[in-house]
Amino acid sequence: MEKFRDSFLQNLETGFIDHQFPSNNKYLPQLIINDKKTERKVLTTLDFELRKCKEFWFSVAFATTSGIATLKNLFKELEEKKIRGKILVSQYQNFTHPEALINLLKFKNIELKIAVNNNFHSKGYLFKHEDHYNLIIGSSNLTADALCKNIEWNLKISAISNSSIISNSISEFKSEFQKAITVDEKFISYYKQIYDKQFKYSQEVKDKIKNEIEWKIEPNSMQVEALENIKKLRSENKNKALLISATGTGKTYLSAFVGKLLNPNKFLFVVHRENIASTALKTFQTIFGNSKTVGFYTGGKKNIDSDFIFSTV
């Protein structure tokens with residue numbers, strides 16, 4: 001026990017006082033993030049902790065089908081080893097997926113509850129080990145993006161069972177868990193109706209915003225002047241115009257505004273690189289919404305039937 005305490009204290013000094021202080025790093029406080037360059041993932045830490053723990057508690061605002069899928073096989077292994085866990089999710093903004101609840105409900109070793117109040121927004125993971133606890137608190141919900149891709153900050157600390165931080169964490173979890181509703185098939189059926197209605201409404205709002213966004217984008221001063229000059233040239237039966245303007249001043253958007261002004265049945269946009277053509281296409285979609293079909297005419301793509309064609313030389 002004395003050896004354990006000495007090792008524990010050494011890690012605390014390295015983590016919180018002086019990073020050059022020698023320790024074995026076993027109980028070292030860590031910042032848990034997703035980093036593509038170093039291939040670090042929040043999921044990797046959760047995986048490691050679940051494989052080593054004697055019991056676990058999750059308290060998260062959101063759980064998605066993809067998030068549960070990342071841990072599905074491991075949960076099955078824990079079930080076979082009779083490692084028990086409690087998972088508390090939230091109905092906050094009705095974001096948690098009904099399918100995620102269905103998948104979690106399949107594991108006999110996991111007790112699943114859902115907080116139905118409107119301000120539950122915690123993200124915490126607690127793991128009980130032989131002689132200590134590991135606690136992860138931060139920004140990561142139980143979603144695949146949060147565990148694998150998003151920019152997330154989570155702090156992992158180790159503490160002994162009679163420490164104040166562990167005592168408080170367990171007490172808080174038990175309090176919220178007791179107030180929450182047990183998830184069963186009846187609740188999921190009820191919740192799925194609410195979720196589906198909100199999802200449909202959200203999609204309708206997004207589509208409406210997408211269709212109306214063209215009216216919210218107004219030409220800047222350079223573009224206004226250029227559009228006026230183009231109108232003047234056309235009134236004089238001129239069929240060519242040249243714009244010289246610095247990078248970032250809005251030449252691509254000006255092209256889209258010209259397209260809006262003239263409203264042609266066919267429109268050809270020619271550039272020297274495919275990535276520029278792709279960016280231009282997205283810009284035109286922002287202005288025109290779904291009123292025009294768009295496509296590419298490049299080395300490997302020949303969308304000649306589109307209203308607006310974006311081509312490389």
# chains A, B, ... in the order shown; residues from 1 in each chain; ligands from 1
$ select_by_dssp --residues "range 20-187 of chain A" --states "alpha helix (DSSP H)" --output "VMD selection string"
chain A and resid 42 to 52 65 to 80 98 to 105 144 to 148 164 to 179 185 to 187
$ residues_around --residues "Phe16 in chain A" --least-positions-apart "4" --cutoff "10 Å" --atoms "only C-alpha atoms" --output "PyMOL selection string"
chain A and resi 11-12+28-29
$ select_by_dssp --residues "range 22-269 of chain A" --states "strand (DSSP E or B)" --output "PyMOL selection string"
chain A and resi 30-32+35+40+55-60+63+84-90+110-115+123-128+133-138+142+154-159+181-182+267-269
$ residues_around --residues "range 102-110 of chain A" --least-positions-apart "4" --cutoff "10 Å" --atoms "only C-alpha atoms" --output "compact mmCIF listing (two decimals) with C-alpha atoms, in the first residue's frame"
# COMPACT_ATOMS: atom_id res chain seq x y z
CA PHE A 56 -17.91 1.80 -15.05
CA TRP A 57 -20.29 4.77 -15.08
CA ALA A 63 -25.59 9.23 -27.33
CA THR A 65 -26.08 5.13 -32.94
CA ILE A 68 -22.56 3.07 -29.48
CA ALA A 69 -21.31 1.21 -32.56
CA LYS A 72 -20.53 -2.36 -29.24
CA PHE A 75 -19.62 -3.92 -24.38
CA LYS A 76 -20.30 -7.51 -25.47
CA LEU A 78 -17.67 -6.86 -20.79
CA GLU A 79 -21.05 -8.56 -20.63
CA GLU A 80 -19.37 -11.96 -21.00
CA LYS A 81 -16.86 -11.06 -18.26
CA LYS A 82 -19.75 -9.85 -16.05
CA ILE A 83 -18.30 -6.33 -15.76
CA ARG A 84 -21.25 -4.14 -14.83
CA GLY A 85 -21.85 -0.54 -15.83
CA LYS A 86 -24.36 2.28 -15.56
CA ILE A 87 -25.01 4.69 -18.43
CA HIS A 97 -30.83 8.58 -31.01
CA PRO A 98 -33.62 6.10 -30.21
CA VAL A 183 -35.08 3.17 -20.36
CA ASP A 184 -37.24 0.32 -21.57
CA GLU A 185 -39.02 -0.56 -24.82
CA ILE A 188 -38.14 4.18 -26.47
CA SER A 189 -41.39 3.85 -28.43
